[in-house]
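Right, one structure below, let's go through it.
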Amino acid sequence: MHPSDFFENCSLRTGIDTFEIFDEDLKQKLKSIHPKNFLKTKITLPVYKINLYYVTEKGNYKTVDRYTVMDSESDDEYVDFWIDMFIRDYNKDNTNHKMIKCEVNSIERICEAVLPLG
């Protein structure tokens with residue numbers, strides 16, 4: 001991926017205080033740097049397939065697959081935490097189609113997403 005495309009699609013966090021701090025000026029600067037001034041590298045992130053079982057508000061039983069990309073391999077132990085957050089956020093955002101009694105059937109690491117830069 002061309003570095004300018006990468007920085008176009010990223011937010012650049014420069015710090016965390018009470019909230020995250022993002023720098024739009026730095027983003028514009030990095031987007032405009034010539035690609036030959038970047039070392040070639042790659043970003044590698046684990047991708048998971050999560051199989052969920054739940055009951056709909058109409059009493060129907062559903063099994064669905066959901067997918068997530070984690071920050072790093074070391075986040076393997078936190079996948080359950082992120083799934084719980086997803087379910088809570090999903091139910092909050094979809095009040096007419098909640099996932100009731102949602103249970104995780106399986107969590108499977110299916111691949112690594114590799115994004116070459118430069």
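Residues in the structure tokens are named by chain (A, B, ... in the order shown) and by number from 1 within that chain; ligands are numbered from 1 in the order shown.
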Quick one: everything within 8 Å of segment 37-46 of chain A, counting only C-alpha atoms, minus sequence neighbours fewer than 3 positions away in the same chain. Send it as a PyMOL selection string. chain A and resi 3+33-34+69-73+109-118
From a DSSP calculation on the backbone, collect every residue of segment 36-113 of chain A in strand (DSSP E) and output the set as an NGL selection string. :A and (41-55 or 61-69 or 100-113)
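Using only C-alpha atoms, the shortest contact distance between Tyr48 of chain A and any of A:Ile83, A:Ile100, A:Leu12, A:Ile21 is found at A:Ile83.
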Within chain A, find each residue whose DSSP state, derived from the backbone, is helix (DSSP H, G or I), and express the selection as an NGL selection string. :A and (3-8 or 24-32 or 35-37 or 73-93)
I need the chosen residues saved as an mmCIF file, in the first residue's frame, with N, CA and C atoms.
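Result written to out_34.cif:
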```
data_model
loop_
_atom_site.group_PDB
_atom_site.id
_atom_site.type_symbol
_atom_site.label_atom_id
_atom_site.label_comp_id
_atom_site.auth_asym_id
_atom_site.auth_seq_id
_atom_site.Cartn_x
_atom_site.Cartn_y
_atom_site.Cartn_z
ATOM 1 N N PRO A 3 2.209 4.682 1.088
ATOM 2 C CA PRO A 3 2.138 5.344 2.400
ATOM 3 C C PRO A 3 1.100 6.465 2.490
ATOM 4 N N SER A 4 0.933 7.234 1.407
ATOM 5 C CA SER A 4 -0.052 8.318 1.483
ATOM 6 C C SER A 4 -1.476 7.754 1.610
ATOM 7 N N ASP A 5 -1.750 6.620 0.957
ATOM 8 C CA ASP A 5 -3.065 5.974 1.111
ATOM 9 C C ASP A 5 -3.257 5.480 2.546
ATOM 10 N N PHE A 6 -2.196 4.903 3.098
ATOM 11 C CA PHE A 6 -2.260 4.407 4.472
ATOM 12 C C PHE A 6 -2.608 5.541 5.434
ATOM 13 N N PHE A 7 -1.879 6.650 5.351
ATOM 14 C CA PHE A 7 -2.122 7.755 6.279
ATOM 15 C C PHE A 7 -3.439 8.471 6.004
ATOM 16 N N GLU A 8 -3.919 8.415 4.774
ATOM 17 C CA GLU A 8 -5.227 8.968 4.446
ATOM 18 C C GLU A 8 -6.324 8.227 5.228
ATOM 19 N N GLU A 24 -4.256 16.095 13.249
ATOM 20 C CA GLU A 24 -4.600 16.205 11.825
ATOM 21 C C GLU A 24 -3.453 16.816 11.019
ATOM 22 N N ASP A 25 -2.697 17.756 11.610
ATOM 23 C CA ASP A 25 -1.566 18.357 10.898
ATOM 24 C C ASP A 25 -0.484 17.315 10.605
ATOM 25 N N LEU A 26 -0.203 16.466 11.574
ATOM 26 C CA LEU A 26 0.785 15.411 11.362
ATOM 27 C C LEU A 26 0.305 14.446 10.286
ATOM 28 N N LYS A 27 -0.976 14.159 10.280
ATOM 29 C CA LYS A 27 -1.543 13.281 9.254
ATOM 30 C C LYS A 27 -1.300 13.868 7.864
ATOM 31 N N GLN A 28 -1.563 15.142 7.698
ATOM 32 C CA GLN A 28 -1.354 15.796 6.406
ATOM 33 C C GLN A 28 0.120 15.772 6.011
ATOM 34 N N LYS A 29 0.997 15.958 6.978
ATOM 35 C CA LYS A 29 2.439 15.942 6.693
ATOM 36 C C LYS A 29 2.874 14.555 6.227
ATOM 37 N N LEU A 30 2.470 13.512 6.944
ATOM 38 C CA LEU A 30 2.877 12.155 6.588
ATOM 39 C C LEU A 30 2.282 11.712 5.252
ATOM 40 N N LYS A 31 1.097 12.188 4.919
ATOM 41 C CA LYS A 31 0.483 11.853 3.631
ATOM 42 C C LYS A 31 1.290 12.434 2.473
ATOM 43 N N SER A 32 1.964 13.539 2.705
ATOM 44 C CA SER A 32 2.651 14.226 1.611
ATOM 45 C C SER A 32 4.119 13.821 1.453
ATOM 46 N N PRO A 35 7.089 8.414 -1.028
ATOM 47 C CA PRO A 35 7.162 7.017 -0.581
ATOM 48 C C PRO A 35 8.584 6.473 -0.456
ATOM 49 N N LYS A 36 9.530 7.010 -1.195
ATOM 50 C CA LYS A 36 10.917 6.526 -1.088
ATOM 51 C C LYS A 36 11.549 6.921 0.242
ATOM 52 N N ASN A 37 10.896 7.810 0.984
ATOM 53 C CA ASN A 37 11.394 8.207 2.296
ATOM 54 C C ASN A 37 10.844 7.318 3.415
ATOM 55 N N GLU A 73 -1.023 -10.128 18.324
ATOM 56 C CA GLU A 73 -1.135 -11.497 18.822
ATOM 57 C C GLU A 73 -1.315 -11.530 20.334
ATOM 58 N N SER A 74 -0.720 -10.574 21.017
ATOM 59 C CA SER A 74 -0.813 -10.565 22.478
ATOM 60 C C SER A 74 -2.242 -10.290 22.958
ATOM 61 N N ASP A 75 -3.118 -9.838 22.053
ATOM 62 C CA ASP A 75 -4.515 -9.587 22.415
ATOM 63 C C ASP A 75 -5.366 -10.851 22.413
ATOM 64 N N ASP A 76 -4.768 -12.009 22.081
ATOM 65 C CA ASP A 76 -5.521 -13.267 22.064
ATOM 66 C C ASP A 76 -6.334 -13.462 23.335
ATOM 67 N N GLU A 77 -5.739 -13.154 24.462
ATOM 68 C CA GLU A 77 -6.417 -13.380 25.731
ATOM 69 C C GLU A 77 -7.562 -12.410 25.980
ATOM 70 N N TYR A 78 -7.672 -11.335 25.173
ATOM 71 C CA TYR A 78 -8.719 -10.336 25.366
ATOM 72 C C TYR A 78 -9.885 -10.469 24.394
ATOM 73 N N VAL A 79 -9.861 -11.471 23.514
ATOM 74 C CA VAL A 79 -10.928 -11.622 22.531
ATOM 75 C C VAL A 79 -12.286 -11.723 23.217
ATOM 76 N N ASP A 80 -12.384 -12.483 24.312
ATOM 77 C CA ASP A 80 -13.656 -12.615 25.036
ATOM 78 C C ASP A 80 -14.188 -11.262 25.495
ATOM 79 N N PHE A 81 -13.293 -10.425 25.989
ATOM 80 C CA PHE A 81 -13.662 -9.085 26.446
ATOM 81 C C PHE A 81 -14.267 -8.270 25.290
ATOM 82 N N TRP A 82 -13.624 -8.304 24.115
ATOM 83 C CA TRP A 82 -14.106 -7.540 22.961
ATOM 84 C C TRP A 82 -15.432 -8.088 22.456
ATOM 85 N N ILE A 83 -15.623 -9.405 22.537
ATOM 86 C CA ILE A 83 -16.894 -10.000 22.121
ATOM 87 C C ILE A 83 -18.020 -9.518 23.035
ATOM 88 N N ASP A 84 -17.775 -9.512 24.347
ATOM 89 C CA ASP A 84 -18.782 -9.007 25.287
ATOM 90 C C ASP A 84 -19.144 -7.554 24.983
ATOM 91 N N MET A 85 -18.132 -6.743 24.651
ATOM 92 C CA MET A 85 -18.398 -5.343 24.293
ATOM 93 C C MET A 85 -19.218 -5.251 23.016
ATOM 94 N N PHE A 86 -18.894 -6.095 22.022
ATOM 95 C CA PHE A 86 -19.654 -6.103 20.769
ATOM 96 C C PHE A 86 -21.121 -6.412 21.031
ATOM 97 N N ILE A 87 -21.387 -7.449 21.833
ATOM 98 C CA ILE A 87 -22.774 -7.854 22.126
ATOM 99 C C ILE A 87 -23.516 -6.724 22.831
ATOM 100 N N ARG A 88 -22.871 -6.117 23.815
ATOM 101 C CA ARG A 88 -23.497 -5.017 24.552
ATOM 102 C C ARG A 88 -23.789 -3.844 23.610
ATOM 103 N N ASP A 89 -22.800 -3.464 22.766
ATOM 104 C CA ASP A 89 -22.993 -2.352 21.837
ATOM 105 C C ASP A 89 -24.044 -2.678 20.777
ATOM 106 N N TYR A 90 -24.030 -3.925 20.290
ATOM 107 C CA TYR A 90 -25.013 -4.340 19.292
ATOM 108 C C TYR A 90 -26.422 -4.204 19.859
ATOM 109 N N ASN A 91 -26.635 -4.704 21.062
ATOM 110 C CA ASN A 91 -27.963 -4.639 21.675
ATOM 111 C C ASN A 91 -28.387 -3.201 21.947
ATOM 112 N N LYS A 92 -27.446 -2.355 22.293
ATOM 113 C CA LYS A 92 -27.751 -0.947 22.536
ATOM 114 C C LYS A 92 -28.148 -0.244 21.232
ATOM 115 N N ASP A 93 -27.433 -0.576 20.138
ATOM 116 C CA ASP A 93 -27.692 0.074 18.848
ATOM 117 C C ASP A 93 -28.854 -0.549 18.082
#
```
For atom CA of Ser11 of chain A and atom CA of Thr68 of chain A, determine how far apart the two atoms are, in Å to one decimal place.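 Interatomic distance, atom CA of Ser11 of chain A to atom CA of Thr68 of chain A: 19.1 Å.
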I'd like the contact shell of Lys49 of chain A - 9 Å cut-off, only C-alpha atoms, skipping same-chain residues fewer than 2 positions apart - returned as a PyMOL selection string. chain A and resi 47+51+65-68+106-110
